[in-house]
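Colleague: Sharing a structure, written as structure tokens. Questions coming.
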Amino acid sequence: MFDTLIAGLVHGNAYALVAVGLSLIFGVTHVANFAHGSVFAVGSMAGWWFLAELGLPLWAAVLAVLAVTGLLGLLINVLAVRPLAKSPPIAALLATVAVSLVIDNLSQLVFGPRVRPFPPALPTNDLQLGGLRIGTSDVVMFAITIAVMAGLAAYLKFGRSGRAIRATAQDPDAALQMGIPVARIQHLAFVIASALGGLAGVFVGMYTSNVSPTSGTAAGLTAFVAATLGGLGSMVGAVLGGFLLGVVEAFGISLWGDGVRDLITFGVLLLVLIVRPGGLLGKVPAIANEPMTGTFLSGGREIRLRWWITLPVLGLAVALPQLVDRYTITVAATVAVYAIIAASMTLVSGSAGQITIGQAGPIAIGAYTSAILTTITGWSYWPALLASGLLAAVVAGALTGPAWRLRGHYVAIATLGVGSVAVAVIRNWESLTRGAYGIRGIPAPVLFGEKLNSAIEFYLLSLALLVLTLVVVTRVRASHLGTVLAAVGADEVAARSSGVRIRDYKALAYAVSAFFAGIGGSLLAVQYTYIEPSVFNLPMSLLALTIIVLGGLYSPVGAVLGALVLVGVPELLRLAPDVRILGYGVVLLLVIRFRPQGLWVRTA
Amino acid sequence: MTRLPRVAVALLALTLPLAACADRGEASSPADADTVSFGVSGPVTGPNAEYGRLWKQGFDLALDKVNAEGGIDGKKVALKWEDSQSDPKQTVPIAQKFVDDSSIIAELGDFSSPASMAASSVYQDAGLVQYGFTNSHPDFTKGGDHIWSPSLTQETLQSANAGFVAKYAKKIAVVYQETDWGKSAFSLFSAAAAQQGLTITYSSAFLPDSTDFRPILINARDSAPDALVHLGYGPDGALIVKQLRDVGFTGRFFGGQNTPEFISLAGPAAEGDIVTGAFLVDDPRPEVQEFVKAFRDRYGEEPGDFNVYAYDALITLVTAARNGGATREGVQKGLLETTDFPSIQFGTLSFNDERRPDNPRVRELVLQGGKFVLGS
């Protein structure tokens with residue numbers, strides 16, 4: 001027991017140190033910085049390089065890492081975040097996702113993909129505590145965490161520029177009018193937070209001892225959960241959240257094994273958000289900030305599609321198999337599936353203004369429903385397809401229910417939690433889903449006695465369902481329901497004043513999008529013929545979200561365009577395999593930078 | 001300004017990627033009459049990129065050897081790489097691309113079983129051999145008669161493993177990866193362990209991306225076993241053996257991976273570690289020494305299992321093509337009929353009815369003084 005507690009505290013300390021930086025950036029700029037984990041990983045790798053390869057002493061290596069990551073933070077803000085200050089917050093969030101792709105892949109090119117042993121610059125196992133050996137490094141890390149937390153909290157409370165930071169966080173426009181150099185303050189916050197991320201990289205690197213350029217994503221995500229638990233924007237909260245998560249995980253894992261870690265991490269997140277919607281120490285704002293998808297008036301309007309454009313494009317899509325090779329058709333089929341998933345998301349994220357980062361959850365539910373019904377119960381594909389959509393809508397809808405009382409970023413984070421929990425349950429419910437073994441031999445659909453198992457047939461099936469999805473989504477948007485949803489998204493307070501039950505409508509919009517996500521998942525299961533839980537990961541959810549942001553949040557047609565670009569570009573970039581994902585990140589960043597309102601949108 | 005130009009631009013944007021795809025498809029298909037190609041679908045970027053790097057080292061060495069010998073029937077051998085990131089979303093289009101490229105006579109990869117198995121049906125339907133040389137998933141070769149793997153099934157490996165463990169311990173704790181690979185390894189290992197009279201005092205799965213194993217290792221320690229068995233990969237094995245020492249367990253460790261990466265990550269904590277394996281740097285067989293020397297000369301590193309897997313895989317397919325003919329049917333025919341493939345891992349290799357190695361030799365390797373040597 002005691003040993004487990006100590007192990008949890010030591011691990012929680014690592015979470016806390018990363019979470020502080022995240023929380024600082026969020027507090028100042030209201031940006032959920034998905035690149036923070038990557039900065040952390042750069043800190044680890046640079047620390048390894050300075051210590052192991054250059055043989056610098058620890059103090060010099062730490063200073064060098066602080067300089068490198070601080071500069072990196074400045075670059076992130078100058079190049080990616082700051083230019084989007086006037087755009088919807090979601091644009092900045094996605095810009096940081098793109099930045100993290102760029103950083104991870106650059107770091108992999110510079111340092112190589114190998115996992116490296118981080119040199120123990122301080123003794124890592126020289127102290128005995130109960131039955132556990134810990135190191136001077138752990139004690140130093142703890143001291144740093146506490147010092148950083150206390151120092152930052154005091155600085156923000158009493159320091160001159162610290163107060164300016166808080167003022168900027170509360171209301172950038174008012175701060176600007178009071179003569180606070182808002183841009184400089186935000187640069188400062190990014191430099192401090194990123195340097196802290198680098199520092200965490202060194203000490204967490206020493207603690208885990210394995211470091212690699214791609215270790216940042218997981219670390220960033222858990223730190224994000226920790227920061228949310230504590231209340232985004234609160235330094236003390238971030239540290240508290242880190243330790244809490246570390247200890248709860250340690251005891252949960254001790255009881256049920258490490259296979260359920262995801263379930264514990266995200267389960268705790270959801271529970272805390274249900275009980276305290278603003279995190280443990282965070283305050284729920286009395287009046288919501290402007291919605292994540294934009295100010296009360298959206299940045300643009302969807303371009304209307306005329307029939308004399310629609311028909312030729314549709315004709316081209318149907319005739320595509322005659323024009324191009326089968327490889328292209330396979331890519332096009334994947335594009336169609338992601339377009340189905342994304343187009344329906346425009347209802348919840350566009351119309352109702354609620355960002356979801358957990359669409360992999362309903363996709364997984366749909367995929368598994370089809371897989372189980374067709375392989376084990378022997379259903380034919382078509383009723384299974386329908387069941388996939390329905391079950392995804394019901395289960396994901398029910399799980400997400402409590403999220404709709406949350407505000408702003410917390411909604412997005414809660415859906416991320418729901419997606420992760422759904423996949424974790426699938427992984428652990430082995431008697432039904434075969435867990436990590438996956439389900440093999442998912443049969444091709446049979447239509448009029450004909451097996452649809454070629455690339456072309458599968459493409460045409462996906463295309464047909466895509467057209468159906470677009471028709472349904474467009475009809476919904478044009479209906480009375482669509483108007484109500486748009487009202488909820490445009491101004492919650494006004495909508496509620498007019499007697500609209502906003503939570504119910506958000507839930508309804510989400511259920512519709514989950515239905516189509518389930519349909520998409522069912523198609524993926526058929527295309528892959530083999531599925532297992534790790535297919536339905538965070539990058540899948542982020543891809544779905546990125547597609548609609550790129551296409552224009554309000555536009556189902558834009559979602560098709562977005563899917564074409566985001567699924568197609570990585571395939572196009574195959575010409576240059578080493579820098580393929582790097583190039584993808586750069587393209588994504590440029591598109592967000594210059595068209596933050598989306599591709600298929602006319603600026604108002 | 002009318003709306004037309006904007007729409008035209010958007011339409012152009014819509015068709016551009018497709019057009020470019022189409023162009024490239026045509027450019028890659030005309031077969032050079034003097035070259036035969038093998039397609040490689042593997043992780044060049046992403047979290048598994050290290051394995052892609054190790055593959056490439058092994059492949060390139062094999063390629064030089066094969067081409068120096070005159071290729072296949074006088075034709076030069078080449079590889080066509082596609083980066084899949086070991087992601088099933090990408091392996092399916094890659095499979096389609098390889099299938100449509102008539103210069104490719106067989107495919108190598110992918111790295112993880114899920115990524116490979118997502119693409120199996122495409123290869124099987126087209127009659128192109130998919131040689132998943134790291135895919136130990138028990139169902140992988142059940143994907144069809146063109147799906148082959150030289151990877152030992154977990155059944156073979158884990159019964160050998162349990163035999164080695166039983167020589168040193170009576171009571172053991174087991175930790176295994178929560179993946180298809182780790183779970184089948186664990187279920188087969190526990191069955192074999194029961195036969196050997198071993199008692200499992202504690203077991204837990206762990207997620208592949210976990211970094212802190214102390215909570216489960218404390219439980220393992222408290223169940224008082226003689227040894228701890230780890231069923232997983234190199235990086236997680238290194239973390240586990242180090243943290244195992246931190247929680248104060250001094251018994252023997254079985255696990256990790258026969259790779260230079262594992263040895264350097266784990267350091268002295270793993271001294272005495274025992275793994276099941278086939279490849280040894282010090283193996284006196286001349287073909288092994290020739291390989292090890294060539295590898296050291298070219299890369300200045302020590303070769304490990306994944307280099308050998310890749311090297312052997314290409315040699316096997318080339319041998320099959322030499323025996324059966326430099327065509328897709330020829331490779332399949334060669335794989336079916338050849339009974340003595342040269343192999344660094346196994347000495348010689350032939351395949352059984354399940355398209356897996358027939359009667360493979362598994363050896364006990366012990367980590368001593370920073371390198372794996374043959375156990376007693």
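To be explicit about the labels: the chains of the structure tokens are called A, B, and onward in the order shown, and within each one the residues are counted from 1, while ligands get numbers from 1 in the order they are shown.
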Show me, as JSON, numbers by chain, the residues that have an atom within 9 Å of Thr179 of chain B when counting only C-alpha atoms, minus same-chain residues fewer than 2 positions from it.
Modeller: {"A": [435, 436, 437, 438, 532, 534], "B": [176, 177, 181, 182, 183, 184, 205, 206, 207, 208]}
Colleague: Write the residues of the selection above to a file with C-alpha atoms, as a tab-separated table (two decimals), in the first residue's frame.
Modeller:
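New file part.tsv:
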```
chain	number	residue	atom	x	y	z
A	435	GLY	CA	-10.30	-7.40	-26.73
A	436	ALA	CA	-6.80	-6.79	-28.02
A	437	TYR	CA	-6.95	-9.91	-30.22
A	438	GLY	CA	-9.23	-8.03	-32.57
A	532	GLU	CA	-8.72	-4.15	-33.08
A	534	SER	CA	-5.85	0.52	-31.07
B	176	TYR	CA	2.54	-9.02	-20.82
B	177	GLN	CA	1.60	-6.42	-23.41
B	181	TRP	CA	0.63	-10.32	-29.65
B	182	GLY	CA	1.07	-10.07	-25.88
B	183	LYS	CA	-2.22	-11.71	-25.02
B	184	SER	CA	-1.74	-14.74	-27.21
B	205	ALA	CA	-1.26	-6.88	-18.72
B	206	PHE	CA	0.29	-3.50	-19.50
B	207	LEU	CA	-0.49	-1.01	-22.26
B	208	PRO	CA	2.24	-0.62	-24.90
```
Colleague: Please determine the contact residues of chain B with respect to chain A at a cut-off of 6 Å, counting only C-alpha atoms, and supply them as a ChimeraX atom specification.
Modeller: /B:22,47,49-50,93,96-97,118,178-180,204-207,215-216,246-247,265
Colleague: Would you put the residues from that selection into a file with N, CA and C atoms, as a CSV table (one decimal), in the first residue's frame?
Modeller:
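Generated output (out-v5.csv):
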```csv
chain,number,residue,atom,x,y,z
B,22,ALA,N,-3.5,9.8,-60.1
B,22,ALA,CA,-3.6,9.0,-61.4
B,22,ALA,C,-2.3,9.1,-62.2
B,47,PRO,N,5.6,6.2,-34.6
B,47,PRO,CA,6.2,5.6,-33.3
B,47,PRO,C,7.0,4.4,-33.6
B,49,ALA,N,9.0,3.9,-36.2
B,49,ALA,CA,9.9,4.2,-37.3
B,49,ALA,C,11.3,3.5,-37.0
B,50,GLU,N,11.6,3.2,-35.7
B,50,GLU,CA,12.9,2.6,-35.4
B,50,GLU,C,12.9,1.2,-36.1
B,93,PRO,N,-4.5,1.0,-49.0
B,93,PRO,CA,-4.2,1.6,-50.3
B,93,PRO,C,-2.8,1.2,-50.8
B,96,GLN,N,-3.1,-2.1,-52.5
B,96,GLN,CA,-3.8,-1.9,-53.8
B,96,GLN,C,-2.7,-1.4,-54.8
B,97,LYS,N,-1.9,-0.5,-54.3
B,97,LYS,CA,-0.9,0.1,-55.2
B,97,LYS,C,0.1,-1.0,-55.6
B,118,ALA,N,-5.1,-6.1,-42.1
B,118,ALA,CA,-6.0,-5.3,-42.8
B,118,ALA,C,-5.8,-5.4,-44.3
B,178,GLU,N,-0.7,-5.6,-23.5
B,178,GLU,CA,-2.1,-5.7,-23.8
B,178,GLU,C,-2.3,-5.4,-25.3
B,179,THR,N,-1.8,-6.4,-26.1
B,179,THR,CA,-2.0,-6.3,-27.6
B,179,THR,C,-2.3,-7.8,-28.0
B,180,ASP,N,-2.7,-7.9,-29.2
B,180,ASP,CA,-3.0,-9.3,-29.7
B,180,ASP,C,-1.8,-10.2,-29.5
B,204,SER,N,-0.2,-9.5,-14.9
B,204,SER,CA,-0.9,-8.3,-15.3
B,204,SER,C,-0.6,-8.0,-16.7
B,205,ALA,N,-1.5,-7.4,-17.4
B,205,ALA,CA,-1.3,-6.9,-18.7
B,205,ALA,C,-0.7,-5.5,-18.5
B,206,PHE,N,0.0,-4.9,-19.5
B,206,PHE,CA,0.3,-3.5,-19.5
B,206,PHE,C,0.1,-2.9,-20.9
B,207,LEU,N,-0.3,-1.6,-21.0
B,207,LEU,CA,-0.5,-1.0,-22.3
B,207,LEU,C,0.9,-0.7,-22.9
B,215,PRO,N,3.4,0.2,-10.0
B,215,PRO,CA,2.3,-0.4,-9.3
B,215,PRO,C,2.1,-1.9,-9.6
B,216,ILE,N,2.3,-2.4,-10.8
B,216,ILE,CA,2.2,-3.8,-11.0
B,216,ILE,C,3.4,-4.6,-10.5
B,246,ASP,N,14.2,-1.2,-8.9
B,246,ASP,CA,13.8,-0.1,-8.0
B,246,ASP,C,12.8,-0.6,-6.9
B,247,VAL,N,12.0,-1.5,-7.3
B,247,VAL,CA,11.0,-1.9,-6.2
B,247,VAL,C,11.6,-3.0,-5.4
B,265,LEU,N,19.3,0.3,-23.4
B,265,LEU,CA,18.3,0.9,-22.6
B,265,LEU,C,18.3,0.3,-21.2
```
Colleague: Do you know which residues are at most 10 Å from Ser187 of chain B counting only C-alpha atoms, after dropping those on the same chain fewer than 5 positions away, and could you put them as number ranges by chain?
Modeller: B: 154-155, 158, 176, 182, 192-193
Colleague: Of the candidates B:Lys142, B:Lys75, B:Lys171, B:Arg361, which one gets nearest to Gly277 of chain B if we count only C-alpha atoms?
Modeller: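 Answer, going by the shortest atom-to-atom distance: B:Arg361.
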Colleague: Fewer than 4 positions away in the same chain doesn't count, so skip those; otherwise give me all residues within 7 Å of Tyr202 of chain B, counting only C-alpha atoms, as a count of residues only.
Modeller: 4
Colleague: Identify, on the basis of only C-alpha atoms, every residue whose closest approach to segment 513-519 of chain A does not exceed 7 Å; exclude the query and any residue fewer than 6 positions from it along the same chain; express the result as a PyMOL selection string.
Modeller: chain A and resi 340-341+344-345+347-348+362-363+365-367+385+388-390+392-393+396
Colleague: Go through segment 171-351 of chain B and collect every residue that DSSP, computed from the backbone, puts in alpha helix (DSSP H); the answer should be as a ChimeraX atom specification.
Modeller: /B:180-195,214-222,234-246,260-266,286-299,305-324,328-337
Colleague: Could you give me, as a PyMOL selection string, the residues within 10 Å of Leu545 of chain A, counting only C-alpha atoms and dropping anything in the same chain fewer than 3 positions from it?
Modeller: chain A and resi 90+94+341-342+345-346+349+355-359+539-542+548-550+553+559+562
Colleague: Could you please take those selected residues and save N, CA and C atoms as a PDB file, in the first residue's frame?
Modeller:
```pdb
ATOM      1  N   ILE A  90     -10.876  27.310 -31.947  1.00  0.00           N
ATOM      2  CA  ILE A  90     -10.624  25.980 -32.492  1.00  0.00           C
ATOM      3  C   ILE A  90      -9.498  26.007 -33.517  1.00  0.00           C
ATOM      4  N   LEU A  94      -6.160  23.617 -33.469  1.00  0.00           N
ATOM      5  CA  LEU A  94      -5.700  22.753 -34.559  1.00  0.00           C
ATOM      6  C   LEU A  94      -4.318  23.156 -35.041  1.00  0.00           C
ATOM      7  N   ILE A 341     -18.163  10.512 -41.902  1.00  0.00           N
ATOM      8  CA  ILE A 341     -17.979  10.786 -40.478  1.00  0.00           C
ATOM      9  C   ILE A 341     -17.969  12.297 -40.229  1.00  0.00           C
ATOM     10  N   ALA A 342     -17.236  13.025 -41.101  1.00  0.00           N
ATOM     11  CA  ALA A 342     -17.032  14.448 -40.868  1.00  0.00           C
ATOM     12  C   ALA A 342     -18.274  15.276 -41.214  1.00  0.00           C
ATOM     13  N   MET A 345     -20.581  15.573 -38.532  1.00  0.00           N
ATOM     14  CA  MET A 345     -20.082  16.340 -37.386  1.00  0.00           C
ATOM     15  C   MET A 345     -20.375  17.825 -37.522  1.00  0.00           C
ATOM     16  N   THR A 346     -20.634  18.279 -38.758  1.00  0.00           N
ATOM     17  CA  THR A 346     -20.917  19.709 -38.900  1.00  0.00           C
ATOM     18  C   THR A 346     -22.175  20.093 -38.137  1.00  0.00           C
ATOM     19  N   SER A 349     -20.669  20.264 -34.328  1.00  0.00           N
ATOM     20  CA  SER A 349     -19.579  21.221 -34.141  1.00  0.00           C
ATOM     21  C   SER A 349     -19.824  22.527 -34.873  1.00  0.00           C
ATOM     22  N   ILE A 355     -17.461  21.489 -29.926  1.00  0.00           N
ATOM     23  CA  ILE A 355     -16.323  20.774 -30.503  1.00  0.00           C
ATOM     24  C   ILE A 355     -16.208  19.383 -29.875  1.00  0.00           C
ATOM     25  N   THR A 356     -16.089  18.367 -30.722  1.00  0.00           N
ATOM     26  CA  THR A 356     -15.894  17.013 -30.194  1.00  0.00           C
ATOM     27  C   THR A 356     -14.557  16.469 -30.669  1.00  0.00           C
ATOM     28  N   ILE A 357     -13.766  15.972 -29.704  1.00  0.00           N
ATOM     29  CA  ILE A 357     -12.464  15.370 -30.042  1.00  0.00           C
ATOM     30  C   ILE A 357     -12.495  13.904 -29.690  1.00  0.00           C
ATOM     31  N   GLY A 358     -13.681  13.269 -29.764  1.00  0.00           N
ATOM     32  CA  GLY A 358     -13.726  11.871 -29.354  1.00  0.00           C
ATOM     33  C   GLY A 358     -14.490  11.016 -30.334  1.00  0.00           C
ATOM     34  N   GLN A 359     -14.520  11.447 -31.609  1.00  0.00           N
ATOM     35  CA  GLN A 359     -15.355  10.738 -32.574  1.00  0.00           C
ATOM     36  C   GLN A 359     -14.886   9.299 -32.794  1.00  0.00           C
ATOM     37  N   PRO A 539      -5.439  10.148 -32.827  1.00  0.00           N
ATOM     38  CA  PRO A 539      -5.242  10.737 -34.160  1.00  0.00           C
ATOM     39  C   PRO A 539      -6.465  10.586 -35.064  1.00  0.00           C
ATOM     40  N   MET A 540      -7.216   9.470 -34.914  1.00  0.00           N
ATOM     41  CA  MET A 540      -8.424   9.306 -35.728  1.00  0.00           C
ATOM     42  C   MET A 540      -9.447  10.383 -35.378  1.00  0.00           C
ATOM     43  N   SER A 541      -9.655  10.627 -34.079  1.00  0.00           N
ATOM     44  CA  SER A 541     -10.593  11.674 -33.653  1.00  0.00           C
ATOM     45  C   SER A 541     -10.143  13.032 -34.146  1.00  0.00           C
ATOM     46  N   LEU A 542      -8.843  13.289 -34.021  1.00  0.00           N
ATOM     47  CA  LEU A 542      -8.326  14.593 -34.446  1.00  0.00           C
ATOM     48  C   LEU A 542      -8.471  14.765 -35.949  1.00  0.00           C
ATOM     49  N   ILE A 548     -13.365  18.806 -40.659  1.00  0.00           N
ATOM     50  CA  ILE A 548     -14.458  19.787 -40.750  1.00  0.00           C
ATOM     51  C   ILE A 548     -13.956  21.202 -40.518  1.00  0.00           C
ATOM     52  N   VAL A 549     -12.924  21.362 -39.704  1.00  0.00           N
ATOM     53  CA  VAL A 549     -12.405  22.716 -39.531  1.00  0.00           C
ATOM     54  C   VAL A 549     -11.808  23.207 -40.839  1.00  0.00           C
ATOM     55  N   LEU A 550     -11.122  22.303 -41.509  1.00  0.00           N
ATOM     56  CA  LEU A 550     -10.508  22.660 -42.782  1.00  0.00           C
ATOM     57  C   LEU A 550     -11.566  22.983 -43.829  1.00  0.00           C
ATOM     58  N   LEU A 553     -16.575  24.725 -40.734  1.00  0.00           N
ATOM     59  CA  LEU A 553     -17.356  24.004 -39.719  1.00  0.00           C
ATOM     60  C   LEU A 553     -18.820  23.832 -40.073  1.00  0.00           C
ATOM     61  N   ALA A 559     -16.770  19.432 -45.709  1.00  0.00           N
ATOM     62  CA  ALA A 559     -16.226  18.243 -45.052  1.00  0.00           C
ATOM     63  C   ALA A 559     -15.697  17.258 -46.087  1.00  0.00           C
ATOM     64  N   GLY A 562     -12.507  18.697 -47.223  1.00  0.00           N
ATOM     65  CA  GLY A 562     -11.508  18.523 -46.169  1.00  0.00           C
ATOM     66  C   GLY A 562     -10.987  17.093 -46.136  1.00  0.00           C
TER      67      GLY A 562
END
```
Colleague: Atom CA of Asp312 of chain B and atom CA of Gly256 of chain B, how far apart in Å?
Modeller: 21.7 Å
Colleague: When you draw a straight line from atom CA of Ala95 of chain A to atom CA of Phe50 of chain A, how long is it in Å?
Modeller: 29.4 Å
Colleague: What is the atom CA of Ala224 of chain B-atom CA of Gly369 of chain B distance in Å, reported with one decimal?
Modeller: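 Computed distance, atom CA of Ala224 of chain B to atom CA of Gly369 of chain B, equals 27.2 Å.
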Colleague: Fewer than 4 positions away in the same chain doesn't count, so skip those; otherwise give me all residues within 7 Å of segment 173-187 of chain A, counting only C-alpha atoms, as a PyMOL selection string.
Modeller: chain A and resi 28-29+74+77+164-165+167-168+191
